[in-house]
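Reproduced below: work-v2.txt, with compact mmCIF, C-alpha atoms.
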# COMPACT_ATOMS: atom_id res chain seq x y z
CA MET S 363 -32.10 160.49 62.98
CA ARG S 364 -32.89 162.85 65.91
CA GLY S 365 -31.74 161.86 69.39
CA GLY S 366 -28.87 159.87 67.96
CA ALA S 367 -31.05 156.76 67.34
CA ARG S 368 -29.98 154.55 64.46
CA SER S 369 -32.37 152.81 62.11
CA THR S 370 -32.37 148.98 62.26
CA THR S 371 -34.35 148.57 59.08
CA LEU S 372 -32.46 146.43 56.55
CA THR S 373 -32.98 146.32 52.85
CA PRO S 374 -33.76 142.81 51.43
CA ALA S 375 -30.30 142.64 49.87
CA LEU S 376 -28.57 143.64 53.12
CA SER S 377 -30.70 141.17 55.07
CA ARG S 378 -29.68 138.30 52.79
CA LYS S 379 -26.03 139.39 53.12
CA ARG S 380 -26.24 139.32 56.92
CA GLU S 381 -27.89 135.85 56.79
CA ARG S 382 -25.12 134.59 54.54
CA GLU S 383 -22.42 136.00 56.84
CA GLU S 384 -24.05 134.28 59.82
CA TYR S 385 -24.21 130.97 57.90
CA ASP S 386 -20.53 131.30 56.96
CA ARG S 387 -19.59 131.93 60.60
CA ARG S 388 -21.46 128.77 61.62
CA MET S 389 -19.75 126.71 58.94
CA ASP S 390 -16.36 128.03 60.08
CA ARG S 391 -16.94 126.28 63.40
CA HIS S 392 -16.80 122.92 61.60
CA PRO S 393 -13.22 121.68 61.03
CA VAL S 394 -14.25 119.63 57.97
CA ALA S 395 -15.00 121.24 54.62
CA ALA S 396 -18.69 121.74 53.82
CA SER S 397 -18.53 119.28 50.92
CA SER S 398 -17.28 116.39 53.05
CA ALA S 399 -19.41 113.40 54.06
CA GLU S 400 -19.01 114.28 57.74
CA ALA S 401 -20.26 117.81 57.20
CA ARG S 402 -23.22 116.47 55.24
CA ARG S 403 -24.12 114.09 58.05
CA ALA S 404 -23.95 116.92 60.54
CA PHE S 405 -26.12 119.02 58.25
CA TYR S 406 -28.67 116.22 57.93
CA GLU S 407 -28.84 115.90 61.72
CA ARG S 408 -29.45 119.62 62.15
CA ILE S 409 -32.24 119.78 59.58
CA GLY S 410 -33.63 116.45 60.84
CA ALA S 411 -34.29 118.12 64.18
CA LEU S 412 -36.46 120.57 62.27
CA GLY S 413 -38.47 117.85 60.51
CA MET S 414 -36.66 118.11 57.19
CA THR S 415 -34.68 115.69 55.03
CA PRO S 416 -32.72 116.13 51.78
CA LEU S 417 -34.59 115.05 48.65
CA TRP S 418 -31.39 114.08 46.85
CA GLU S 419 -30.83 111.24 49.33
CA VAL S 420 -34.22 109.61 48.63
CA LEU S 421 -35.08 110.74 45.10
CA GLY S 422 -34.49 107.32 43.52
CA ALA S 423 -36.89 105.66 45.95
CA LEU S 424 -39.56 108.35 45.62
CA VAL S 425 -39.42 108.62 41.82
CA PRO S 426 -38.12 105.24 40.59
CA PRO S 427 -37.53 104.51 36.90
CA GLN S 428 -40.02 101.64 37.24
CA PRO S 429 -42.03 100.01 40.05
CA THR S 430 -39.93 98.18 42.66
CA SER S 431 -42.69 96.53 44.67
CA PRO S 432 -41.87 95.08 48.11
CA VAL S 433 -44.62 92.50 47.50
CA ALA S 434 -43.32 88.95 47.08
CA PRO S 435 -44.76 86.34 44.70
CA ALA S 436 -46.49 83.70 46.81
CA LEU S 437 -48.92 80.80 46.61
CA TRP S 438 -51.33 79.30 49.15
CA ARG S 439 -52.40 75.71 48.50
CA TYR S 440 -56.02 75.43 49.55
CA ASP S 441 -55.78 71.76 50.49
CA THR S 442 -52.99 72.66 52.91
CA VAL S 443 -54.59 75.68 54.58
CA ARG S 444 -58.14 74.25 54.70
CA GLU S 445 -57.47 72.19 57.84
CA HIS S 446 -56.42 75.35 59.67
CA VAL S 447 -59.51 77.20 58.50
CA MET S 448 -61.63 74.35 59.89
CA GLU S 449 -59.69 74.37 63.14
CA ALA S 450 -60.58 78.04 63.56
CA GLY S 451 -64.21 76.92 63.44
CA ARG S 452 -63.61 74.76 66.52
CA LEU S 453 -61.89 77.55 68.43
CA ILE S 454 -64.23 80.51 67.95
CA THR S 455 -67.78 81.06 66.74
CA ALA S 456 -68.70 83.29 63.82
CA GLU S 457 -70.62 85.58 66.19
CA GLU S 458 -67.71 85.86 68.66
CA ALA S 459 -65.27 86.67 65.89
CA GLU S 460 -67.83 88.79 63.99
CA ARG S 461 -65.96 87.56 60.91
CA ARG S 462 -64.10 84.26 61.30
CA VAL S 463 -61.30 84.80 58.79
CA LEU S 464 -57.70 83.70 58.40
CA ILE S 465 -55.84 86.51 56.65
CA LEU S 466 -53.51 85.67 53.77
CA GLU S 467 -50.47 87.80 54.56
CA ASN S 468 -47.88 88.39 51.91
CA PRO S 469 -44.60 86.87 53.16
CA ALA S 470 -42.81 90.18 52.53
CA LEU S 471 -45.47 92.22 54.37
CA ARG S 472 -46.01 90.18 57.54
CA GLY S 473 -47.85 91.98 60.29
CA GLN S 474 -49.56 94.38 57.89
CA SER S 475 -52.66 92.23 57.25
CA CYS S 476 -52.44 92.56 53.48
CA ILE S 477 -51.67 90.41 50.45
CA THR S 478 -50.45 93.40 48.40
CA GLN S 479 -49.80 96.97 49.45
CA SER S 480 -53.34 97.97 48.43
CA LEU S 481 -55.35 94.75 48.84
CA TYR S 482 -56.43 92.43 51.64
CA ALA S 483 -57.36 88.75 51.25
CA GLY S 484 -58.57 86.13 53.68
CA LEU S 485 -60.44 82.86 53.92
CA GLN S 486 -63.76 83.10 55.76
CA LEU S 487 -65.57 80.13 57.30
CA ILE S 488 -69.19 79.82 58.34
CA LEU S 489 -70.52 76.61 59.85
CA PRO S 490 -74.04 75.17 59.60
CA GLY S 491 -76.51 77.15 61.68
CA GLU S 492 -74.21 80.12 62.18
CA VAL S 493 -74.76 83.79 61.38
CA ALA S 494 -72.03 86.38 60.93
CA PRO S 495 -73.77 89.51 62.30
CA ALA S 496 -74.78 92.40 60.06
CA HIS S 497 -72.49 95.41 59.81
CA ARG S 498 -71.25 97.87 57.22
CA HIS S 499 -67.99 99.65 56.46
CA THR S 500 -66.45 102.02 53.94
CA GLN S 501 -64.16 99.28 52.60
CA SER S 502 -65.43 97.55 49.46
CA ALA S 503 -65.45 93.74 49.57
CA LEU S 504 -65.74 90.76 47.26
CA ARG S 505 -66.47 87.12 48.07
CA LEU S 506 -65.43 84.18 45.92
CA VAL S 507 -67.03 80.91 47.05
CA LEU S 508 -64.50 78.05 47.26
CA ASP S 509 -65.90 75.27 49.42
CA GLY S 510 -69.30 73.92 50.49
CA GLU S 511 -72.92 74.86 49.83
CA GLY S 512 -75.89 76.13 51.79
CA ALA S 513 -74.64 79.53 52.93
CA TYR S 514 -75.96 82.92 51.92
CA THR S 515 -74.90 86.55 51.88
CA ALA S 516 -77.43 89.34 52.41
CA VAL S 517 -76.70 92.84 51.05
CA ASP S 518 -79.04 95.73 51.86
CA GLY S 519 -82.06 93.51 52.31
CA GLU S 520 -81.52 90.92 49.56
CA ARG S 521 -80.06 87.46 50.01
CA THR S 522 -78.10 85.43 47.51
CA THR S 523 -77.30 81.75 47.87
CA MET S 524 -73.55 81.13 47.73
CA ARG S 525 -72.45 78.54 45.18
CA TYR S 526 -68.99 77.44 44.13
CA GLY S 527 -67.18 80.01 42.03
CA ASP S 528 -69.80 82.72 42.53
CA PHE S 529 -68.38 86.25 42.72
CA ILE S 530 -70.36 88.31 45.24
CA ILE S 531 -69.92 91.99 46.06
CA THR S 532 -70.46 93.98 49.22
CA PRO S 533 -70.32 97.61 48.07
CA SER S 534 -68.93 100.29 50.36
CA TRP S 535 -71.20 101.27 53.26
CA THR S 536 -73.89 98.64 52.63
CA PHE S 537 -75.19 96.50 55.47
CA HIS S 538 -74.38 92.82 54.99
CA ASP S 539 -74.48 89.59 56.93
CA HIS S 540 -73.75 85.94 56.21
CA GLY S 541 -75.48 82.78 57.33
CA ASN S 542 -75.42 79.04 56.74
CA ASP S 543 -78.75 77.23 56.46
CA GLY S 544 -77.08 74.13 55.02
CA THR S 545 -75.44 71.05 56.48
CA GLU S 546 -71.77 71.60 55.63
CA PRO S 547 -69.10 74.24 56.25
CA VAL S 548 -68.77 76.94 53.62
CA VAL S 549 -65.52 78.79 52.87
CA TRP S 550 -64.99 81.76 50.61
CA LEU S 551 -62.17 84.11 49.72
CA ASP S 552 -62.60 87.67 50.94
CA GLY S 553 -60.94 90.46 48.95
CA LEU S 554 -61.08 94.03 50.25
CA ASP S 555 -59.42 97.41 49.68
CA ILE S 556 -58.55 97.68 53.41
CA PRO S 557 -54.90 98.78 52.91
CA LEU S 558 -55.92 101.49 50.44
CA VAL S 559 -58.65 102.85 52.72
CA ARG S 560 -56.23 102.65 55.67
CA PHE S 561 -53.64 104.65 53.72
CA LEU S 562 -56.27 107.35 53.09
CA ASP S 563 -57.43 107.33 56.76
CA ALA S 564 -60.97 106.91 55.47
CA GLY S 565 -62.13 103.80 57.35
CA PHE S 566 -65.54 103.83 59.04
CA ALA S 567 -67.63 100.91 60.34
CA GLU S 568 -71.00 100.44 62.00
CA LYS S 569 -72.78 97.44 63.50
CA SER S 570 -76.42 96.84 62.71
CA ALA S 571 -78.99 96.81 65.49
CA ALA S 572 -80.31 93.56 64.00
CA LYS S 573 -78.20 90.39 63.87
CA SER S 574 -79.61 89.51 60.44
CA GLN S 575 -81.26 91.76 57.90
CA ALA S 576 -84.93 91.46 57.15
CA ALA S 577 -85.51 90.57 53.51
CA THR S 578 -86.92 93.54 51.61
CA ARG S 579 -86.43 92.12 48.11
CA PRO S 580 -86.69 88.56 46.80
CA GLU S 581 -83.52 86.66 45.90
CA GLY S 582 -82.45 87.40 42.34
CA ASP S 583 -84.11 90.83 42.23
CA ALA S 584 -80.90 92.83 41.72
CA LEU S 585 -79.66 90.47 39.00
CA ALA S 586 -82.98 90.66 37.14
CA ARG S 587 -83.29 94.41 37.58
CA TYR S 588 -79.75 95.45 36.65
CA GLY S 589 -77.84 92.46 35.25
CA MET S 590 -79.73 91.39 32.12
CA GLY S 591 -78.78 94.22 29.79
CA LEU S 592 -81.72 96.19 31.20
CA VAL S 593 -81.98 98.82 33.94
CA PRO S 594 -84.90 100.60 35.61
CA MET S 595 -86.29 103.53 33.65
CA ASP S 596 -85.36 106.08 36.30
CA LEU S 597 -81.85 104.81 37.11
CA GLN S 598 -79.33 107.64 37.22
CA GLN S 599 -76.05 106.07 38.31
CA GLN S 600 -72.84 108.04 38.63
CA PRO S 601 -69.61 106.54 37.18
CA HIS S 602 -68.00 106.22 40.63
CA GLU S 603 -70.93 104.34 42.18
CA PRO S 604 -70.63 100.55 42.65
CA THR S 605 -72.78 98.12 40.73
CA ARG S 606 -76.31 97.33 41.90
CA VAL S 607 -75.67 93.75 40.75
CA PHE S 608 -74.04 92.15 43.76
CA VAL S 609 -73.73 88.55 42.56
CA TYR S 610 -72.09 87.26 39.37
CA PRO S 611 -72.91 83.52 39.18
CA PHE S 612 -70.02 81.28 38.17
CA ALA S 613 -72.29 79.35 35.81
CA LYS S 614 -72.80 82.54 33.76
CA THR S 615 -69.11 83.44 33.91
CA ARG S 616 -68.07 79.99 32.73
CA GLU S 617 -70.64 80.11 29.93
CA ALA S 618 -69.24 83.44 28.71
CA LEU S 619 -65.66 82.15 28.74
CA LEU S 620 -66.63 79.07 26.77
CA GLY S 621 -68.60 81.23 24.35
CA ILE S 622 -65.57 83.31 23.37
CA SER S 623 -63.26 80.29 23.19
CA LYS S 624 -64.13 79.82 19.54
CA ALA S 625 -62.46 83.11 18.72
CA GLU S 626 -58.73 83.70 18.32
CA VAL S 627 -56.88 83.32 21.59
CA ASP S 628 -54.92 86.23 23.05
CA PRO S 629 -51.29 85.05 23.25
CA HIS S 630 -50.67 86.91 26.52
CA HIS S 631 -53.96 86.31 28.37
CA GLY S 632 -55.74 83.36 26.81
CA PHE S 633 -59.48 84.02 26.91
CA LYS S 634 -59.93 86.76 29.48
CA LEU S 635 -62.87 88.98 30.40
CA ARG S 636 -63.37 91.69 32.99
CA PHE S 637 -66.43 92.00 35.21
CA VAL S 638 -68.34 95.27 34.84
CA ASN S 639 -71.15 97.29 36.30
CA PRO S 640 -73.81 96.72 33.59
CA ALA S 641 -75.19 100.23 34.03
CA THR S 642 -71.88 102.03 33.41
CA GLY S 643 -69.45 99.56 31.81
CA ARG S 644 -66.96 100.37 34.57
CA SER S 645 -65.56 98.13 37.28
CA PRO S 646 -68.19 96.71 39.66
CA MET S 647 -66.28 98.44 42.50
CA PRO S 648 -64.40 101.72 42.11
CA THR S 649 -61.28 100.43 43.88
CA ILE S 650 -61.08 96.74 42.87
CA GLY S 651 -61.04 95.29 39.36
CA THR S 652 -62.11 91.69 38.80
CA PHE S 653 -61.38 89.32 35.93
CA ALA S 654 -62.18 85.82 34.65
CA GLN S 655 -59.78 83.87 32.45
CA ARG S 656 -59.85 80.55 30.59
CA LEU S 657 -56.74 78.71 29.46
CA PRO S 658 -57.21 75.68 27.16
CA LYS S 659 -55.30 72.51 27.99
CA GLY S 660 -51.68 72.78 26.86
CA PHE S 661 -51.87 76.54 26.26
CA ALA S 662 -49.11 78.76 27.65
CA THR S 663 -49.34 82.54 27.73
CA ARG S 664 -46.49 84.77 26.70
CA PRO S 665 -45.16 86.84 29.61
CA ALA S 666 -46.74 90.18 30.40
CA LYS S 667 -46.38 92.62 33.26
CA SER S 668 -48.62 95.39 34.56
CA SER S 669 -48.44 98.03 37.24
CA ASP S 670 -51.32 96.58 39.28
CA SER S 671 -50.49 93.82 41.76
CA SER S 672 -53.05 91.03 41.41
CA VAL S 673 -54.47 88.04 43.30
CA HIS S 674 -55.41 84.93 41.30
CA VAL S 675 -57.57 81.94 42.20
CA CYS S 676 -57.81 78.73 40.19
CA LEU S 677 -61.46 77.65 39.97
CA GLU S 678 -61.00 74.80 37.49
CA GLY S 679 -58.00 72.85 36.21
CA GLY S 680 -54.42 73.67 37.10
CA GLY S 681 -51.05 74.51 35.72
CA THR S 682 -47.91 76.54 36.25
CA ALA S 683 -47.49 80.24 37.06
CA THR S 684 -44.11 81.80 36.36
CA ILE S 685 -43.86 85.08 38.26
CA GLY S 686 -40.58 86.83 37.67
CA GLU S 687 -37.97 84.18 38.42
CA LYS S 688 -40.27 82.03 40.59
CA VAL S 689 -42.34 79.10 39.37
CA PHE S 690 -45.45 77.85 41.17
CA GLU S 691 -47.55 74.78 40.45
CA PHE S 692 -51.21 75.57 41.12
CA GLY S 693 -54.38 73.51 41.22
CA ARG S 694 -58.06 73.93 41.95
CA ARG S 695 -58.80 76.52 44.68
CA ASP S 696 -55.14 77.50 45.06
CA ILE S 697 -54.41 81.22 45.43
CA PHE S 698 -51.35 83.12 44.23
CA VAL S 699 -50.26 86.77 44.14
CA VAL S 700 -48.39 88.62 41.37
CA PRO S 701 -46.50 91.80 42.41
CA SER S 702 -46.55 94.99 40.38
CA TRP S 703 -44.43 94.99 37.22
CA GLN S 704 -43.23 91.40 37.55
CA PRO S 705 -43.66 89.29 34.38
CA LEU S 706 -46.38 86.65 34.58
CA SER S 707 -46.83 83.68 32.29
CA LEU S 708 -49.31 80.84 32.77
CA ALA S 709 -49.26 77.31 31.39
CA ALA S 710 -52.35 75.08 31.64
CA ARG S 711 -51.90 71.33 32.09
CA GLU S 712 -55.68 70.97 31.63
CA ASP S 713 -58.58 73.23 30.73
CA SER S 714 -58.43 75.90 33.43
CA VAL S 715 -60.51 78.82 34.69
CA LEU S 716 -59.00 81.52 36.89
CA PHE S 717 -60.53 84.45 38.77
CA SER S 718 -58.38 87.45 39.68
CA PHE S 719 -58.67 90.87 41.28
CA SER S 720 -56.43 93.93 41.51
CA ASP S 721 -56.35 97.68 42.17
CA ARG S 722 -56.40 98.47 38.44
CA PRO S 723 -59.49 100.77 38.50
CA VAL S 724 -57.75 103.14 40.92
CA GLN S 725 -54.63 103.26 38.79
CA GLN S 726 -56.66 103.83 35.63
CA VAL S 727 -58.65 106.72 37.13
CA LEU S 728 -55.36 108.33 38.19
CA GLY S 729 -53.78 107.70 34.78
CA LEU S 730 -51.09 105.45 36.29
CA TRP S 731 -51.87 101.98 34.96
CA ARG S 732 -49.43 100.44 32.48
CA GLU S 733 -49.05 97.07 30.83
CA GLN S 734 -46.14 95.63 28.86
CA ARG S 735 -46.58 92.54 26.75
CA LEU S 736 -43.36 90.63 26.22
CA ASP S 737 -42.39 88.22 23.44
Show how you would write the structure in this file as structure tokens.
Amino acid sequence: MRGGARSTTLTPALSRKREREEYDRRMDRHPVAASSAEARRAFYERIGALGMTPLWEVLGALVPPQPTSPVAPALWRYDTVREHVMEAGRLITAEEAERRVLILENPALRGQSCITQSLYAGLQLILPGEVAPAHRHTQSALRLVLDGEGAYTAVDGERTTMRYGDFIITPSWTFHDHGNDGTEPVVWLDGLDIPLVRFLDAGFAEKSAAKSQAATRPEGDALARYGMGLVPMDLQQQPHEPTRVFVYPFAKTREALLGISKAEVDPHHGFKLRFVNPATGRSPMPTIGTFAQRLPKGFATRPAKSSDSSVHVCLEGGGTATIGEKVFEFGRRDIFVVPSWQPLSLAAREDSVLFSFSDRPVQQVLGLWREQRLD
């Protein structure tokens, strides 16, 4: 070029050659061969400072041959924990706490406020005359009544009286409050998708200006309007929307389980049904699946395992749950958790009814859910 100036433009091939020569010079500064463990550690430290890590060191954990859940099998005996739930009622009011709940933390996930990696569970108490103030949140919730009578839940302007074994839903972003007009304490199991929503950073909450909702529909309206095999003429419900039926009475559930008990029993599940949104046939909530199961006296299921971790509650009877290598004796109102892909078998010492919930709908939508029935 004129003036004696030299071009600094490099061809792509020459540029890559120069980069390789520079890399080789850097590696020559290390006394240990590049394939050695020490050189690898030094390499990992250098790339770690840049926010990188080698896939080959973590591939087995990221893409395992089968689920290796950190969740531990566990059981909570209701008769043991009840006294502590009642003690909470002497220490703090429902209004002070907003929700007076003792969380059931999985023993392998302490401090994370969850019973599985995607589900939350807790025991909520409301005393006579109390009101748990109205609020709403993006997390979907279920209530399973375990103890006492006289309380109610109100969802978007309709109340339902809470009776033993009733399965009640608070859909995402619906205002709800609880109260107790009776004379005895009432306890129910809360189940929410809090860990899943937390993982997605999608949690929102809002308090209502009113402590309790004004009734805009009579009790039983939603069940009559949507839960009798009929729906309003103009209903256009999308598959992802939660059910408009927000209470599934235990009396109806029990009747259905007894009705199918004349048929052939499933060797792996006994007599088991899933709750649905009557308008779509899908899960009542898009993130939580719910199930009811009857086991005749003396019946034992063959082991089966599935990819959804699940929480089980005994509503009637009792028996034995074998989860992996652990065996638990359960009775009425006891709660136990089954981790993902651990074999479960149940044996009933008397006629038993169990309720359970899991994250199965999410896995099914994503095409991830699997079940394996064992002999």
List every protein, DNA or RNA residue that has at least one atom no more than 9 Å from (-81.7, 85.8, 48.0) in the file's coordinates, counting all atoms listed in the file, and write the result as a ChimeraX atom specification.
/S:514-516,519-523,577,579-583
Tell me which protein, DNA and RNA residues are within 7 Å of segment 642-659 of chain S, counting all atoms listed in the file, leaving out same-chain ones fewer than 5 positions away, and put them as a PDB file with C-alpha atoms, keeping the file's coordinate frame.
ATOM      1  CA  PRO S 533     -70.320  97.610  48.070  1.00  0.00           C
ATOM      2  CA  ASP S 555     -59.420  97.410  49.680  1.00  0.00           C
ATOM      3  CA  PRO S 601     -69.610 106.540  37.180  1.00  0.00           C
ATOM      4  CA  HIS S 602     -68.000 106.220  40.630  1.00  0.00           C
ATOM      5  CA  PRO S 604     -70.630 100.550  42.650  1.00  0.00           C
ATOM      6  CA  THR S 605     -72.780  98.120  40.730  1.00  0.00           C
ATOM      7  CA  LEU S 619     -65.660  82.150  28.740  1.00  0.00           C
ATOM      8  CA  GLY S 632     -55.740  83.360  26.810  1.00  0.00           C
ATOM      9  CA  PHE S 633     -59.480  84.020  26.910  1.00  0.00           C
ATOM     10  CA  LYS S 634     -59.930  86.760  29.480  1.00  0.00           C
ATOM     11  CA  LEU S 635     -62.870  88.980  30.400  1.00  0.00           C
ATOM     12  CA  ARG S 636     -63.370  91.690  32.990  1.00  0.00           C
ATOM     13  CA  PHE S 637     -66.430  92.000  35.210  1.00  0.00           C
ATOM     14  CA  ALA S 710     -52.350  75.080  31.640  1.00  0.00           C
ATOM     15  CA  ARG S 711     -51.900  71.330  32.090  1.00  0.00           C
ATOM     16  CA  GLU S 712     -55.680  70.970  31.630  1.00  0.00           C
ATOM     17  CA  ASP S 713     -58.580  73.230  30.730  1.00  0.00           C
ATOM     18  CA  SER S 714     -58.430  75.900  33.430  1.00  0.00           C
ATOM     19  CA  VAL S 715     -60.510  78.820  34.690  1.00  0.00           C
ATOM     20  CA  LEU S 716     -59.000  81.520  36.890  1.00  0.00           C
ATOM     21  CA  PHE S 717     -60.530  84.450  38.770  1.00  0.00           C
ATOM     22  CA  SER S 718     -58.380  87.450  39.680  1.00  0.00           C
ATOM     23  CA  PHE S 719     -58.670  90.870  41.280  1.00  0.00           C
ATOM     24  CA  SER S 720     -56.430  93.930  41.510  1.00  0.00           C
ATOM     25  CA  ASP S 721     -56.350  97.680  42.170  1.00  0.00           C
ATOM     26  CA  ARG S 722     -56.400  98.470  38.440  1.00  0.00           C
ATOM     27  CA  PRO S 723     -59.490 100.770  38.500  1.00  0.00           C
ATOM     28  CA  VAL S 724     -57.750 103.140  40.920  1.00  0.00           C
TER      29      VAL S 724
END
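Using only C-alpha atoms for every distance, the candidate list S:Ser574, S:Thr430, S:Thr684, S:Gln474 yields S:Thr430 as the residue closest to Asp670 of chain S.
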Near Ala450 of chain S, within 10 Å and counting all atoms listed in the file, which residues show up once chain neighbours fewer than 2 positions away are dropped, as a list in words?
Arg444, Glu445, His446, Val447, Met448, Arg452, Leu453, Ile454, Thr455, Ala456, Arg462, Val463, Leu464, Gln486 and Leu487 of chain S
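Here atom CA of Leu706 of chain S and atom CA of Gly686 of chain S stand 6.6 Å from one another.
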For segment 651-660 of chain S, I'd like the enclosing box, axis-aligned and padded by 6 Å on every side, reported as AutoDock Vina command-line options with centre and edge lengths in Å to one decimal.
--center_x -56.9 --center_y 83.9 --center_z 33.1 --size_x 22.5 --size_y 34.8 --size_z 24.5
Nearest residue to Glu460 of chain S out of S:Ala401, S:Tyr406, S:His538, S:Val443, using only C-alpha atoms?
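Residue with the minimum atom-to-atom distance to Glu460 of chain S: S:His538.
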Expressed in Å, the length from atom CA of Leu677 of chain S to atom CA of Asp737 of chain S is 27.4 Å
Shortest contact to Pro640 of chain S, candidates S:Thr500, S:Gln599, S:Gln734, S:Ser672, atoms counted all atoms listed in the file, goes to S:Gln599
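What separates atom CA of Ala470 of chain S from atom CA of Phe698 of chain S is a distance of 13.8 Å.
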Counting all atoms listed in the file, closest pick from S:Gly541, S:Pro429, S:Pro611, S:Pro469 relative to Leu506 of chain S is S:Pro611
Here's a test: counting all atoms listed in the file, identify every protein, DNA and RNA residue with an atom at most 6 Å from (-63.2, 77.8, 48.9) in the file's coordinate frame, and state them as a PDB file with C-alpha atoms, keeping the file's coordinate frame.
ATOM      1  CA  VAL S 507     -67.030  80.910  47.050  1.00  0.00           C
ATOM      2  CA  LEU S 508     -64.500  78.050  47.260  1.00  0.00           C
ATOM      3  CA  ASP S 509     -65.900  75.270  49.420  1.00  0.00           C
ATOM      4  CA  VAL S 549     -65.520  78.790  52.870  1.00  0.00           C
ATOM      5  CA  TRP S 550     -64.990  81.760  50.610  1.00  0.00           C
TER       6      TRP S 550
END
Phe612 of chain S surroundings by all atoms listed in the file, 6 Å radius, close-in-sequence under 2 positions cut, as a list in words:
Gly527, Asp528, Lys614, Thr615 and Arg616 of chain S
Considering only C-alpha atoms, return as a ChimeraX atom specification whatever protein or nucleic-acid residues lie within 12 Å of Asp696 of chain S, sequence-local ones (same chain, fewer than 3 positions apart) excluded.
/S:436-444,485,508-509,551,673-683,690-693,699,715-718
Long-range neighbours of Phe537 of chain S as a list in words, 7 Å cut-off, only C-alpha atoms, 4 positions minimum in chain:
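Listing them by chain and then by number gives Ala496, His497, Arg498, Val517 and Asp518 of chain S.
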For Leu558 of chain S, the closest of S:Leu481, S:Ala459, S:Ala666, S:Leu417 counting all atoms listed in the file is S:Leu481
Select segment 517-563 of chain S in the preceding structure and write C-alpha atoms to a file as a CSV table (one decimal), in the first residue's frame.
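Just written: selection09.csv:
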chain,number,residue,atom,x,y,z
S,517,VAL,CA,-65.2,-17.9,46.2
S,518,ASP,CA,-66.1,-14.9,44.0
S,519,GLY,CA,-69.3,-14.1,45.8
S,520,GLU,CA,-70.6,-17.6,46.5
S,521,ARG,CA,-70.3,-19.4,49.8
S,522,THR,CA,-70.1,-23.2,50.4
S,523,THR,CA,-70.5,-24.9,53.7
S,524,MET,CA,-67.4,-27.0,54.6
S,525,ARG,CA,-68.2,-30.6,55.5
S,526,TYR,CA,-65.8,-33.5,56.2
S,527,GLY,CA,-64.1,-34.8,53.1
S,528,ASP,CA,-65.4,-32.0,50.8
S,529,PHE,CA,-63.0,-31.0,48.1
S,530,ILE,CA,-63.1,-27.3,47.5
S,531,ILE,CA,-61.3,-25.2,44.9
S,532,THR,CA,-60.0,-21.7,44.9
S,533,PRO,CA,-59.1,-21.0,41.2
S,534,SER,CA,-56.2,-18.8,40.3
S,535,TRP,CA,-56.9,-15.0,40.8
S,536,THR,CA,-60.3,-15.4,42.4
S,537,PHE,CA,-61.2,-13.6,45.6
S,538,HIS,CA,-61.8,-15.9,48.5
S,539,ASP,CA,-62.3,-15.8,52.3
S,540,HIS,CA,-63.1,-18.3,55.0
S,541,GLY,CA,-65.2,-18.0,58.1
S,542,ASN,CA,-66.6,-20.1,60.9
S,543,ASP,CA,-70.2,-19.5,62.0
S,544,GLY,CA,-70.2,-22.8,64.0
S,545,THR,CA,-69.3,-23.7,67.5
S,546,GLU,CA,-66.2,-25.9,66.9
S,547,PRO,CA,-62.7,-25.5,65.3
S,548,VAL,CA,-62.5,-26.5,61.7
S,549,VAL,CA,-59.3,-27.8,60.0
S,550,TRP,CA,-58.7,-28.5,56.4
S,551,LEU,CA,-55.7,-29.4,54.2
S,552,ASP,CA,-54.5,-26.8,51.8
S,553,GLY,CA,-52.9,-27.9,48.6
S,554,LEU,CA,-51.4,-25.2,46.3
S,555,ASP,CA,-49.0,-25.0,43.3
S,556,ILE,CA,-46.9,-22.4,45.1
S,557,PRO,CA,-43.5,-24.0,44.3
S,558,LEU,CA,-44.4,-24.2,40.6
S,559,VAL,CA,-45.5,-20.6,40.4
S,560,ARG,CA,-42.5,-19.6,42.4
S,561,PHE,CA,-40.2,-21.4,39.9
S,562,LEU,CA,-41.9,-19.5,37.1
S,563,ASP,CA,-41.6,-16.1,38.9
